[in-house]
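Scroll down for the structure; my scribbles are underneath it.
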Amino acid sequence: MDMCTAEVTASLLQVEETFSACLARIDALILKPLLQAEPSDQKGKENFKLFLLLNDRFQALWDLTEENYRRLKQKCSTSESFCIQDIYTVWKGDLFLNLYIQYFVTFANYVVVHGFEHATKSKSEAWKHHKTVLKQFLTDFTSETSMSLALYTVLHKPIRDHIEQYILLLTKLNEVLKESSVKDVVTSAIKEYAKLESFISQVLDEACFTKSLWKSLGYKFTDMLCVPERRLLEDSKNLPVSSSMNRSDRILLFDDVLVLIQGNSFQSFDLKLVWVDENCREKSAPGLYGLRIITPEETFLLSAKDPQMKAVWEWKLNQAVRQALNGKRDFPLWGETGEGSKPPSCRFFTYVFRLEGRFKSASYEGEWQWGKPHGKGTLKWRDGRNHVGDFKDGLEHGFGICLVPRQSEDRYDCYKCHWSEGKMRGYGICEYGNDMVYKGYFKDNLRQGFGILEKFSAEHPFKYTGQWENDKKNGYGVWEDKDRGERYIGTWLDDHKHGQGIVVTQSGVCYQRTFQADKMVGSGILLLEDDSVYEGNFTEDLTFVGKGKLSFANGFILEGTFTNKSGQGLQTHGILNTSSEQLEDRITKAQLGLEEFPVEKRWKGIYDQFLEFIHSGCKEETEESFTGFHIQTSKELRKSQEYLFCQRGTEDVSWRREDILEELAQHQGLESLHSYLEKALKSSLHPLGKLLKALTIAFQATYSGIGANRHLLTMAQEEVKYYAKKIWEFYQGLLHLALEQKGQLPAKCVDGDTSDQNARSVVLPLILPCFYPELFMLYMLYHEREDDLYCQGIVDLSLFPDIKLLEFLDVQKHLWPLKDLTLTTNQRRSLIKDKCFLSATECLQKLITTVDPREKLVILQNTYEEIETTVSRVVEKDYKLPMDDLLPLLMYVVSRAKIQHLGAEIHLIRDLMDPTNQGGLYDFLLTALESCYEHIQRMRVRQRENCHVTHSS
C-alpha cells in the first residue's frame, strides 16, 4: 500500500468511525425514546408505523457502515497491499446507494405526512429531555427552533454530510491512483455518489413542496389525496395552466395521478392511463397554447399562456407518466440533462369504467393505446358477462370469446366469434346454455348469412343448415327433425317454413308442398316408397283428402275425391283407369325442387361471405372470419386463433395474404393451375379450401342420411356442377386481385361458355370426391331397378363357361382367345370360366376405384385397348375392331367384370363428364358400354317373359 493510498484509507477509516459513533448516539438518544412513545390516536398510529420503517432503514445503514469500518480497520492493522474490494463504499457501492435511497425516500414520506410535527407533540416523559439531547447535535440550535425542525435536521443532516465526505475522500483517492480498471471503478463510484446527493436534494425538496400543499388544502382534499408515497411534481399555482374540463380552479401533477380541482370537488386520473398529445389539433382560446390530455373516458385540454410553459408541463407530464409506468422514480429523479424518453403509447393496465355507456362498471384488464383498449384484453361486467379477445380503438375487434349469463339459469351462452367495431361479425361458434350450438355467420350481433343450428339434447333434437337474417331462419335452408325422422328442404320466413318445401321421411316417403307459417296449404305431390304417386291435397299425417290423382306403380290411375272417416279408413269416389300403360319416368322418378329452388339461390349466404372477402381486397382482418367451417369445435376455433400464424406454415399452400396472391399469379398455365388448385382445395387454411368445406357441409346436410332419396338426384347433381362454377369464378376474382396488386393488367374476362367449360373440366374433378358418397348413393337409388335387372342378367350370364358365353353373345369364332384356356388334368375346355379377355375384365373392374369421370373414361379406353390387344394377338396381326365386333366382345367383358351398380356409374359419368369429350372417342366408348348394359337388361326381361309363357302354358 503506497503512502498516498494509505493516507486516504486512514482518513476513510476515521470518517467511518466518527459516523458510526454518531449513528449510535442518534439511535440511543433519539430513536429508541421515540420508539417507546407510541401514540394512541389513529393518525399518530399510522405515522408511527412509518417511523418504525424509517428506523429499520436507519439500522441497515448503520450496520453497513460498521461492516465497512471493521474491514478497513483490519486492512490498516496489517501491511498487506491495498485492494479496491476492501473499500465497501466502492466495492459494494450499489448496496450503499440503495440503502441511502431507501432511507431518504422513507424519510421524505415521513416529512410529507407531518411526521416530525406529530412526533414532537408527544407528551411522554421521554420526550421532555429531548431538547437537551438535540443541542448536542446542533450547534446552531436555539430555544426558538421548533422541536420538529430540530428532529428533522438531526435525522438527515449528519447522513447527508457523511455522503459529502465519501465524495471528497473518493475524489482524493482517485487523484492518487494510476490509470487502471481500479481507477475507472472509483471514478464511476464518485459519479454515482454525486447523483445520490442530487437525488436526496430533489427528494427532500419534493417532500417539502408536497407537505406545503397539504397544509394549504382543506381536510376534505387532504384526507382523500394525501398518501405518504405521493409527491407533488407541479402545481398550476406555481406554473399557471388551465383546463378545458369544467373550468378547473387548480391542476396538480403528482408522481402517480393528475388531479383537477374545481370548488369543493376534484377529479383524479391515474398517470398509467394518461396520454399527452402535443400534436393537438383542437384549438385553445386565443393567445393560449393547448396540450391534449387523453384518459380512458375523458379527453381535455391544458392551456398555457406561452409555448415555454406548455413545453414544461408537457415534459413533466411525460416524465411522470413514464416513471409511473416503470414503477420507480429516476435516479436522479429528473435525469441529469432534464431530458427523458417519452412514455410508450401501448400499455397494459386494469381499469374500471365509471361513466354511462356500454362499458359502465365493467373492468378491463389488458392492452391500451391512446386511452382506449387496443390489443389483447379481458372485459368483465358486474352481471357476469365477460369478453376475452382482441380490441381496437376501444371496441371489441378481431377474435373474441364472450360469456353471457342466462337469466334465471345457472348457465351461460358462450360466443367464440369474430368481432368488428364492438359487434359480432363474420364466422363464429356459439354454445348456448340450452344445449344448442350455432356455427355460422354474424352481423351486428345477430345471426346473419349461412349458419348451422343444432340441438344435441335427448329432448327434441334437431339440426338446421341454411340462411339466417336478423337472427331468424330466413331464405333457403334444410331442417332435420331427428325425433320425427324427417328432413325439410325449402324456404323459410321469420323462423317458420314458408313457401315451397320438400319433406323427406325416414320411411322413404317424399312430398313437395307449399307452406305458410309452418302449415301446409294447397295441393302437392306425394311420392310413396312403392313408386305410387299422389297429386292433390293431403294432411300432415299423409292422409289423402279432397280431389286428387293416385298413380300406382303398375300403371293404374285412380282419380277422384278422397275422404278418411274415423273407423272406416280411406274412401274415394272417382274413376279407376286400369289400362296397361306404364307410368312415365317423369312420375315414377319425378325430380323435385328444380323450379322451386333455383340452384344459384340455394346457398347464397356462403357465396356472399367469399365475395365480401374478395371485395375487401382479402384484408387480413377478414381472412379468418369469412368462412370458418374447417373448424370442427369451438375449442379448435380458439386454438386456430391463438396459433394462427405458426399453423399457416405447416401446409403445402401457405395462407398468408401476400403469399396466396403471389402464388396465384404464378400458376396460370393449365398444368400448373391444376396442381395449384388441387393443393388449395385440399388445404383447410386456403380460402378456396374453406369455401369447399362449407359447401360440403351444406351438401351433406341436404342429401346424406334421410336426404338420400332418388327424387333429389337432379337437384344434387346440378348443385355440384354449380359449386364448380362458383369456385372457378372466385378463383378468377382472386387472380384478378393478385394481378392488379402486381400492377399487371388482368386478362380479358372469358365468356360464359368458356368459364363453364373450365369449371367442368378443371374444378369439377377436383371437388367431386367431397360430394361423391352422397351423390353416388342418389345415382344408385335412382337406377336401382335397372341395376337390379342388370345384376340378375349378369348372374344368368355368369353360369356360362367362356366358350358357351362367347358363342351365346355371337362373338365371331376366329376372335375367340382359345390359347388362353390352358387345361389342367381332368378339365374340359368347354367348362373353363373367367379366362378369356381376363386383362380387359380386370381393367374394367377398376371403374369403381375412382370418383373422377375423366379417370373412369380413361379406364374404359384402356379396357377397349386391352380387348383390341387380345384380339390382335389371336388373329396375329393389328386388328381395329369394327362396332359389330366390339359390342359382343365388350358385352363379354362387362358380364365377367360383374360391376354391381353399372347403371349408376354410366349415368354419373355421362352427367358429369367434360363437355369437350362429347362426340369423341370417350363418348363413343361410353355409348357402347351403355348399349351393353341395356342389352343385358333386355335379355333378362325376355328371359322373364319366356319363363312366364312357359309357366302359363
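In the C-alpha cells, chains take the letters A, B, ... in the order shown, each chain's residues start at 1, and ligands count up from 1 in the order shown.
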Nearby residues (only C-alpha atoms) at most 7 Å from Ala738 (chain A), same-chain spacing under 6 positions excluded, as a list in words: Leu661, Glu662, Leu664 and Ala665 of chain A
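For region 282-405 of chain A, the set of residues given alpha helix (DSSP H) by DSSP on the backbone reads Pro307, Gln308, Met309, Lys310, Ala311, Val312, Trp313, Glu314, Trp315, Lys316, Leu317, Asn318, Gln319, Ala320, Val321, Arg322, Gln323, Ala324, Leu325 and Asn326 of chain A.
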Next, the residues of the selection above should be written as a compact mmCIF listing (two decimals), in the first residue's frame with C-alpha atoms.
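Output (out.txt):
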```
# COMPACT_ATOMS: atom_id res chain seq x y z
CA PRO A 307 -45.09 27.93 -25.54
CA GLN A 308 -42.35 27.63 -22.90
CA MET A 309 -44.88 26.99 -20.12
CA LYS A 310 -46.67 24.46 -22.32
CA ALA A 311 -43.34 22.73 -23.02
CA VAL A 312 -42.51 22.46 -19.30
CA TRP A 313 -45.89 20.93 -18.47
CA GLU A 314 -45.62 18.56 -21.43
CA TRP A 315 -42.13 17.43 -20.35
CA LYS A 316 -43.10 17.00 -16.71
CA LEU A 317 -46.27 15.11 -17.59
CA ASN A 318 -44.45 12.76 -19.94
CA GLN A 319 -41.68 12.02 -17.45
CA ALA A 320 -44.18 11.49 -14.62
CA VAL A 321 -46.19 9.08 -16.80
CA ARG A 322 -43.05 7.22 -17.90
CA GLN A 323 -41.80 6.82 -14.31
CA ALA A 324 -45.27 5.73 -13.12
CA LEU A 325 -45.33 3.05 -15.84
CA ASN A 326 -41.81 1.90 -14.92
```
Residues near Tyr779 (chain A), cut-off 7 Å, only C-alpha atoms, skip fewer than 4 positions along chain, as a list in words: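 My reading of the contact set: Leu713, Leu775, His783 and Ala904 of chain A.
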Find the residues around Asp884 (chain A) up to 12 Å (only C-alpha atoms counted), leave out those fewer than 3 positions away in its own chain, and share them as a PyMOL selection string. chain A and resi 809-812+880-881+887-891+928
With only C-alpha atoms as the counted atoms, please give the residues lying no more than 8 Å from region 925-927 of chain A, apart from itself and same-chain residues fewer than 5 positions off, as a list in words.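 Residues near the query, excluding close chain neighbours: Leu857, Leu860, Gln861, Tyr864, Ile906 and Arg910 of chain A.
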Write the residues of the selection above to a file with C-alpha atoms, as a compact mmCIF listing (two decimals), in the first residue's frame.
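Final file, out_1.txt:
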```txt
# COMPACT_ATOMS: atom_id res chain seq x y z
CA LEU A 857 -63.34 -42.75 -69.12
CA LEU A 860 -62.94 -47.53 -70.29
CA GLN A 861 -60.49 -46.61 -73.05
CA TYR A 864 -61.11 -51.21 -75.15
CA ILE A 906 -72.63 -44.87 -66.53
CA ARG A 910 -72.49 -39.11 -68.64
```
Per DSSP on the backbone, filter region 80-324 of chain A down to the residues in strand (DSSP E) and report them as a PDB file with N, CA, C and O atoms, in the first residue's frame.
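See result22.pdb below for the written result:
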```pdb
ATOM      1  N   LEU A 232     -45.937  15.792  -4.976  1.00  0.00           N
ATOM      2  CA  LEU A 232     -46.393  16.852  -5.871  1.00  0.00           C
ATOM      3  C   LEU A 232     -45.232  17.221  -6.794  1.00  0.00           C
ATOM      4  O   LEU A 232     -44.142  17.555  -6.327  1.00  0.00           O
ATOM      5  N   LEU A 233     -45.465  17.155  -8.104  1.00  0.00           N
ATOM      6  CA  LEU A 233     -44.424  17.482  -9.069  1.00  0.00           C
ATOM      7  C   LEU A 233     -44.624  18.872  -9.667  1.00  0.00           C
ATOM      8  O   LEU A 233     -43.664  19.544 -10.016  1.00  0.00           O
ATOM      9  N   GLU A 234     -45.877  19.261  -9.796  1.00  0.00           N
ATOM     10  CA  GLU A 234     -46.144  20.597 -10.318  1.00  0.00           C
ATOM     11  C   GLU A 234     -47.532  21.041  -9.907  1.00  0.00           C
ATOM     12  O   GLU A 234     -48.439  20.233  -9.732  1.00  0.00           O
ATOM     13  N   ASP A 235     -47.660  22.353  -9.738  1.00  0.00           N
ATOM     14  CA  ASP A 235     -48.917  22.949  -9.272  1.00  0.00           C
ATOM     15  C   ASP A 235     -49.208  24.137 -10.192  1.00  0.00           C
ATOM     16  O   ASP A 235     -48.328  24.954 -10.469  1.00  0.00           O
ATOM     17  N   SER A 242     -54.361  26.093 -17.424  1.00  0.00           N
ATOM     18  CA  SER A 242     -55.792  25.921 -17.159  1.00  0.00           C
ATOM     19  C   SER A 242     -56.313  24.719 -17.940  1.00  0.00           C
ATOM     20  O   SER A 242     -55.714  24.279 -18.910  1.00  0.00           O
ATOM     21  N   SER A 243     -57.444  24.191 -17.476  1.00  0.00           N
ATOM     22  CA  SER A 243     -58.035  23.004 -18.106  1.00  0.00           C
ATOM     23  C   SER A 243     -59.374  23.358 -18.737  1.00  0.00           C
ATOM     24  O   SER A 243     -60.124  24.190 -18.226  1.00  0.00           O
ATOM     25  N   ARG A 250     -57.742  24.533 -10.219  1.00  0.00           N
ATOM     26  CA  ARG A 250     -56.348  24.217  -9.910  1.00  0.00           C
ATOM     27  C   ARG A 250     -55.996  22.845 -10.484  1.00  0.00           C
ATOM     28  O   ARG A 250     -56.805  21.917 -10.473  1.00  0.00           O
ATOM     29  N   ILE A 251     -54.770  22.732 -10.996  1.00  0.00           N
ATOM     30  CA  ILE A 251     -54.317  21.461 -11.567  1.00  0.00           C
ATOM     31  C   ILE A 251     -53.053  21.047 -10.838  1.00  0.00           C
ATOM     32  O   ILE A 251     -52.089  21.824 -10.744  1.00  0.00           O
ATOM     33  N   LEU A 252     -53.071  19.815 -10.312  1.00  0.00           N
ATOM     34  CA  LEU A 252     -51.948  19.297  -9.545  1.00  0.00           C
ATOM     35  C   LEU A 252     -51.399  18.053 -10.231  1.00  0.00           C
ATOM     36  O   LEU A 252     -52.146  17.108 -10.508  1.00  0.00           O
ATOM     37  N   LEU A 253     -50.099  18.052 -10.509  1.00  0.00           N
ATOM     38  CA  LEU A 253     -49.452  16.870 -11.066  1.00  0.00           C
ATOM     39  C   LEU A 253     -48.659  16.179  -9.969  1.00  0.00           C
ATOM     40  O   LEU A 253     -47.698  16.744  -9.435  1.00  0.00           O
ATOM     41  N   PHE A 254     -49.089  14.968  -9.609  1.00  0.00           N
ATOM     42  CA  PHE A 254     -48.361  14.146  -8.648  1.00  0.00           C
ATOM     43  C   PHE A 254     -47.564  13.086  -9.412  1.00  0.00           C
ATOM     44  O   PHE A 254     -47.661  12.978 -10.642  1.00  0.00           O
ATOM     45  N   VAL A 257     -50.742  10.476 -10.020  1.00  0.00           N
ATOM     46  CA  VAL A 257     -52.040  10.909 -10.531  1.00  0.00           C
ATOM     47  C   VAL A 257     -51.979  12.367 -10.980  1.00  0.00           C
ATOM     48  O   VAL A 257     -51.126  13.144 -10.533  1.00  0.00           O
ATOM     49  N   LEU A 258     -52.907  12.694 -11.877  1.00  0.00           N
ATOM     50  CA  LEU A 258     -53.137  14.082 -12.266  1.00  0.00           C
ATOM     51  C   LEU A 258     -54.484  14.473 -11.673  1.00  0.00           C
ATOM     52  O   LEU A 258     -55.485  13.788 -11.887  1.00  0.00           O
ATOM     53  N   VAL A 259     -54.494  15.590 -10.897  1.00  0.00           N
ATOM     54  CA  VAL A 259     -55.706  15.987 -10.171  1.00  0.00           C
ATOM     55  C   VAL A 259     -56.186  17.340 -10.672  1.00  0.00           C
ATOM     56  O   VAL A 259     -55.406  18.288 -10.787  1.00  0.00           O
ATOM     57  N   LEU A 260     -57.510  17.377 -10.979  1.00  0.00           N
ATOM     58  CA  LEU A 260     -58.157  18.630 -11.380  1.00  0.00           C
ATOM     59  C   LEU A 260     -59.138  19.021 -10.287  1.00  0.00           C
ATOM     60  O   LEU A 260     -60.050  18.258  -9.966  1.00  0.00           O
ATOM     61  N   ILE A 261     -58.930  20.193  -9.686  1.00  0.00           N
ATOM     62  CA  ILE A 261     -59.775  20.659  -8.573  1.00  0.00           C
ATOM     63  C   ILE A 261     -60.706  21.763  -9.070  1.00  0.00           C
ATOM     64  O   ILE A 261     -60.283  22.691  -9.755  1.00  0.00           O
ATOM     65  N   GLN A 262     -61.984  21.614  -8.714  1.00  0.00           N
ATOM     66  CA  GLN A 262     -62.961  22.665  -9.016  1.00  0.00           C
ATOM     67  C   GLN A 262     -63.836  22.842  -7.791  1.00  0.00           C
ATOM     68  O   GLN A 262     -64.583  21.941  -7.409  1.00  0.00           O
ATOM     69  N   SER A 265     -64.813  19.951  -5.169  1.00  0.00           N
ATOM     70  CA  SER A 265     -64.697  18.602  -5.742  1.00  0.00           C
ATOM     71  C   SER A 265     -63.436  18.500  -6.592  1.00  0.00           C
ATOM     72  O   SER A 265     -62.818  19.512  -6.941  1.00  0.00           O
ATOM     73  N   PHE A 266     -63.054  17.266  -6.897  1.00  0.00           N
ATOM     74  CA  PHE A 266     -61.863  17.073  -7.716  1.00  0.00           C
ATOM     75  C   PHE A 266     -62.018  15.788  -8.545  1.00  0.00           C
ATOM     76  O   PHE A 266     -62.821  14.912  -8.246  1.00  0.00           O
ATOM     77  N   GLN A 267     -61.228  15.717  -9.588  1.00  0.00           N
ATOM     78  CA  GLN A 267     -61.132  14.509 -10.407  1.00  0.00           C
ATOM     79  C   GLN A 267     -59.674  14.097 -10.460  1.00  0.00           C
ATOM     80  O   GLN A 267     -58.788  14.954 -10.593  1.00  0.00           O
ATOM     81  N   SER A 268     -59.429  12.796 -10.313  1.00  0.00           N
ATOM     82  CA  SER A 268     -58.041  12.330 -10.395  1.00  0.00           C
ATOM     83  C   SER A 268     -57.919  11.305 -11.517  1.00  0.00           C
ATOM     84  O   SER A 268     -58.841  10.516 -11.763  1.00  0.00           O
ATOM     85  N   PHE A 269     -56.760  11.321 -12.205  1.00  0.00           N
ATOM     86  CA  PHE A 269     -56.511  10.426 -13.319  1.00  0.00           C
ATOM     87  C   PHE A 269     -55.185   9.696 -13.085  1.00  0.00           C
ATOM     88  O   PHE A 269     -54.146  10.336 -12.908  1.00  0.00           O
ATOM     89  N   ASP A 270     -55.264   8.381 -13.056  1.00  0.00           N
ATOM     90  CA  ASP A 270     -54.066   7.561 -12.870  1.00  0.00           C
ATOM     91  C   ASP A 270     -53.103   7.810 -14.029  1.00  0.00           C
ATOM     92  O   ASP A 270     -53.470   7.692 -15.199  1.00  0.00           O
ATOM     93  N   TRP A 275     -52.353   9.890 -21.461  1.00  0.00           N
ATOM     94  CA  TRP A 275     -51.549  10.104 -22.669  1.00  0.00           C
ATOM     95  C   TRP A 275     -51.496  11.606 -22.952  1.00  0.00           C
ATOM     96  O   TRP A 275     -52.511  12.299 -22.835  1.00  0.00           O
ATOM     97  N   VAL A 276     -50.320  12.086 -23.318  1.00  0.00           N
ATOM     98  CA  VAL A 276     -50.130  13.507 -23.589  1.00  0.00           C
ATOM     99  C   VAL A 276     -49.900  13.680 -25.087  1.00  0.00           C
ATOM    100  O   VAL A 276     -48.924  13.162 -25.639  1.00  0.00           O
ATOM    101  N   ASP A 277     -50.802  14.364 -25.723  1.00  0.00           N
ATOM    102  CA  ASP A 277     -50.717  14.572 -27.170  1.00  0.00           C
ATOM    103  C   ASP A 277     -50.304  16.012 -27.441  1.00  0.00           C
ATOM    104  O   ASP A 277     -51.102  16.944 -27.328  1.00  0.00           O
ATOM    105  N   TYR A 289     -51.826  28.181 -25.552  1.00  0.00           N
ATOM    106  CA  TYR A 289     -51.177  27.052 -26.217  1.00  0.00           C
ATOM    107  C   TYR A 289     -51.663  25.757 -25.562  1.00  0.00           C
ATOM    108  O   TYR A 289     -51.458  25.541 -24.363  1.00  0.00           O
ATOM    109  N   GLY A 290     -52.322  24.918 -26.382  1.00  0.00           N
ATOM    110  CA  GLY A 290     -53.019  23.754 -25.831  1.00  0.00           C
ATOM    111  C   GLY A 290     -52.204  22.472 -25.860  1.00  0.00           C
ATOM    112  O   GLY A 290     -51.342  22.248 -26.710  1.00  0.00           O
ATOM    113  N   LEU A 291     -52.514  21.644 -24.890  1.00  0.00           N
ATOM    114  CA  LEU A 291     -51.916  20.325 -24.759  1.00  0.00           C
ATOM    115  C   LEU A 291     -53.064  19.352 -24.481  1.00  0.00           C
ATOM    116  O   LEU A 291     -53.791  19.527 -23.495  1.00  0.00           O
ATOM    117  N   ARG A 292     -53.265  18.367 -25.370  1.00  0.00           N
ATOM    118  CA  ARG A 292     -54.416  17.474 -25.197  1.00  0.00           C
ATOM    119  C   ARG A 292     -54.056  16.334 -24.256  1.00  0.00           C
ATOM    120  O   ARG A 292     -53.056  15.647 -24.446  1.00  0.00           O
ATOM    121  N   ILE A 293     -54.890  16.121 -23.241  1.00  0.00           N
ATOM    122  CA  ILE A 293     -54.707  15.040 -22.267  1.00  0.00           C
ATOM    123  C   ILE A 293     -55.780  13.983 -22.531  1.00  0.00           C
ATOM    124  O   ILE A 293     -56.980  14.278 -22.517  1.00  0.00           O
ATOM    125  N   ILE A 294     -55.338  12.749 -22.765  1.00  0.00           N
ATOM    126  CA  ILE A 294     -56.262  11.655 -23.095  1.00  0.00           C
ATOM    127  C   ILE A 294     -56.270  10.658 -21.953  1.00  0.00           C
ATOM    128  O   ILE A 294     -55.218  10.191 -21.498  1.00  0.00           O
ATOM    129  N   THR A 299     -61.323  13.270 -22.332  1.00  0.00           N
ATOM    130  CA  THR A 299     -60.222  13.960 -23.005  1.00  0.00           C
ATOM    131  C   THR A 299     -60.417  15.461 -22.800  1.00  0.00           C
ATOM    132  O   THR A 299     -61.534  15.969 -22.939  1.00  0.00           O
ATOM    133  N   PHE A 300     -59.338  16.148 -22.443  1.00  0.00           N
ATOM    134  CA  PHE A 300     -59.474  17.583 -22.188  1.00  0.00           C
ATOM    135  C   PHE A 300     -58.179  18.288 -22.565  1.00  0.00           C
ATOM    136  O   PHE A 300     -57.139  17.659 -22.817  1.00  0.00           O
ATOM    137  N   LEU A 301     -58.259  19.619 -22.610  1.00  0.00           N
ATOM    138  CA  LEU A 301     -57.111  20.444 -22.985  1.00  0.00           C
ATOM    139  C   LEU A 301     -56.495  21.101 -21.760  1.00  0.00           C
ATOM    140  O   LEU A 301     -57.210  21.563 -20.872  1.00  0.00           O
ATOM    141  N   LEU A 302     -55.167  21.144 -21.719  1.00  0.00           N
ATOM    142  CA  LEU A 302     -54.459  22.013 -20.780  1.00  0.00           C
ATOM    143  C   LEU A 302     -53.916  23.172 -21.601  1.00  0.00           C
ATOM    144  O   LEU A 302     -53.246  22.956 -22.618  1.00  0.00           O
ATOM    145  N   SER A 303     -54.223  24.386 -21.185  1.00  0.00           N
ATOM    146  CA  SER A 303     -53.833  25.566 -21.967  1.00  0.00           C
ATOM    147  C   SER A 303     -52.885  26.442 -21.169  1.00  0.00           C
ATOM    148  O   SER A 303     -53.155  26.779 -20.015  1.00  0.00           O
ATOM    149  N   ALA A 304     -51.742  26.782 -21.795  1.00  0.00           N
ATOM    150  CA  ALA A 304     -50.753  27.663 -21.164  1.00  0.00           C
ATOM    151  C   ALA A 304     -50.688  28.975 -21.937  1.00  0.00           C
ATOM    152  O   ALA A 304     -51.092  29.052 -23.098  1.00  0.00           O
TER     153      ALA A 304
END
```
Give me the residues within 12 Å of Lys693 (chain A) as a list in words, counting only C-alpha atoms and dropping any in the same chain fewer than 4 places off.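 Residues meeting the cut-off are Ile606, Thr627, Gly628, Phe629, His630, Ile631, Gln632, Ala680, Leu681, Lys682, Ser683, Ser684, Leu685, His686, Pro687, Leu688, Gly689, Ile697, Ala698, Phe699, Gln700, Tyr723, Ile727, Ile767, Pro769, Cys770 and Phe771 of chain A.
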How about saving the chosen residues, N, CA and C atoms kept, as an mmCIF file, in the first residue's frame?
```
data_model
loop_
_atom_site.group_PDB
_atom_site.id
_atom_site.type_symbol
_atom_site.label_atom_id
_atom_site.label_comp_id
_atom_site.auth_asym_id
_atom_site.auth_seq_id
_atom_site.Cartn_x
_atom_site.Cartn_y
_atom_site.Cartn_z
ATOM 1 N N ILE A 606 -73.241 -18.536 -48.241
ATOM 2 C CA ILE A 606 -71.839 -18.971 -48.298
ATOM 3 C C ILE A 606 -71.087 -18.136 -49.324
ATOM 4 N N THR A 627 -64.931 -17.458 -43.701
ATOM 5 C CA THR A 627 -65.519 -18.800 -43.675
ATOM 6 C C THR A 627 -64.678 -19.676 -42.768
ATOM 7 N N GLY A 628 -65.283 -20.230 -41.748
ATOM 8 C CA GLY A 628 -64.523 -20.992 -40.755
ATOM 9 C C GLY A 628 -65.029 -22.390 -40.538
ATOM 10 N N PHE A 629 -65.676 -22.962 -41.546
ATOM 11 C CA PHE A 629 -66.290 -24.264 -41.340
ATOM 12 C C PHE A 629 -65.285 -25.416 -41.376
ATOM 13 N N HIS A 630 -63.978 -25.078 -41.561
ATOM 14 C CA HIS A 630 -62.958 -26.120 -41.434
ATOM 15 C C HIS A 630 -62.714 -26.433 -39.963
ATOM 16 N N ILE A 631 -63.251 -25.592 -39.069
ATOM 17 C CA ILE A 631 -63.107 -25.813 -37.631
ATOM 18 C C ILE A 631 -64.243 -26.711 -37.160
ATOM 19 N N GLN A 632 -63.917 -27.767 -36.450
ATOM 20 C CA GLN A 632 -64.948 -28.712 -36.008
ATOM 21 C C GLN A 632 -65.609 -28.273 -34.701
ATOM 22 N N ALA A 680 -54.768 -26.166 -53.114
ATOM 23 C CA ALA A 680 -55.568 -25.126 -52.451
ATOM 24 C C ALA A 680 -56.882 -25.691 -51.922
ATOM 25 N N LEU A 681 -57.549 -26.516 -52.730
ATOM 26 C CA LEU A 681 -58.862 -27.052 -52.343
ATOM 27 C C LEU A 681 -58.743 -28.097 -51.243
ATOM 28 N N LYS A 682 -57.576 -28.710 -51.114
ATOM 29 C CA LYS A 682 -57.375 -29.683 -50.032
ATOM 30 C C LYS A 682 -56.951 -29.008 -48.734
ATOM 31 N N SER A 683 -56.497 -27.764 -48.823
ATOM 32 C CA SER A 683 -55.993 -27.059 -47.650
ATOM 33 C C SER A 683 -57.138 -26.546 -46.788
ATOM 34 N N SER A 684 -57.011 -26.734 -45.489
ATOM 35 C CA SER A 684 -58.049 -26.224 -44.582
ATOM 36 C C SER A 684 -57.821 -24.756 -44.248
ATOM 37 N N LEU A 685 -56.707 -24.185 -44.702
ATOM 38 C CA LEU A 685 -56.405 -22.792 -44.392
ATOM 39 C C LEU A 685 -56.488 -21.872 -45.605
ATOM 40 N N HIS A 686 -56.522 -22.463 -46.802
ATOM 41 C CA HIS A 686 -56.647 -21.651 -48.007
ATOM 42 C C HIS A 686 -58.108 -21.239 -48.175
ATOM 43 N N PRO A 687 -58.388 -20.021 -48.634
ATOM 44 C CA PRO A 687 -59.789 -19.584 -48.751
ATOM 45 C C PRO A 687 -60.635 -20.486 -49.644
ATOM 46 N N LEU A 688 -60.063 -20.980 -50.738
ATOM 47 C CA LEU A 688 -60.842 -21.865 -51.612
ATOM 48 C C LEU A 688 -61.118 -23.195 -50.921
ATOM 49 N N GLY A 689 -60.163 -23.667 -50.123
ATOM 50 C CA GLY A 689 -60.367 -24.892 -49.353
ATOM 51 C C GLY A 689 -61.441 -24.720 -48.297
ATOM 52 N N ILE A 697 -70.390 -29.269 -46.269
ATOM 53 C CA ILE A 697 -71.286 -29.377 -45.109
ATOM 54 C C ILE A 697 -72.734 -29.157 -45.542
ATOM 55 N N ALA A 698 -72.970 -28.145 -46.384
ATOM 56 C CA ALA A 698 -74.330 -27.860 -46.863
ATOM 57 C C ALA A 698 -74.871 -29.025 -47.694
ATOM 58 N N PHE A 699 -74.028 -29.605 -48.533
ATOM 59 C CA PHE A 699 -74.439 -30.717 -49.391
ATOM 60 C C PHE A 699 -74.797 -31.938 -48.544
ATOM 61 N N GLN A 700 -73.957 -32.249 -47.572
ATOM 62 C CA GLN A 700 -74.216 -33.405 -46.704
ATOM 63 C C GLN A 700 -75.485 -33.202 -45.878
ATOM 64 N N TYR A 723 -71.390 -25.637 -57.840
ATOM 65 C CA TYR A 723 -70.260 -25.415 -56.926
ATOM 66 C C TYR A 723 -68.979 -25.199 -57.727
ATOM 67 N N ILE A 727 -66.673 -21.853 -57.662
ATOM 68 C CA ILE A 727 -65.268 -21.908 -57.229
ATOM 69 C C ILE A 727 -64.370 -21.359 -58.324
ATOM 70 N N ILE A 767 -63.204 -31.299 -57.026
ATOM 71 C CA ILE A 767 -64.106 -31.185 -55.869
ATOM 72 C C ILE A 767 -65.027 -32.390 -55.737
ATOM 73 N N PRO A 769 -64.667 -35.604 -55.228
ATOM 74 C CA PRO A 769 -64.501 -36.531 -54.092
ATOM 75 C C PRO A 769 -65.216 -36.104 -52.812
ATOM 76 N N CYS A 770 -65.372 -34.785 -52.616
ATOM 77 C CA CYS A 770 -66.041 -34.289 -51.403
ATOM 78 C C CYS A 770 -67.531 -34.628 -51.397
ATOM 79 N N PHE A 771 -68.130 -34.737 -52.591
ATOM 80 C CA PHE A 771 -69.579 -34.927 -52.684
ATOM 81 C C PHE A 771 -69.949 -36.329 -53.190
#
```
Any idea what's packed within 10 Å of Leu50 (chain A), counting only C-alpha atoms, ignoring anything in its chain fewer than 6 positions away? Could you give it as number ranges by chain? A: 44, 56, 106-107, 109-110, 113, 115, 228
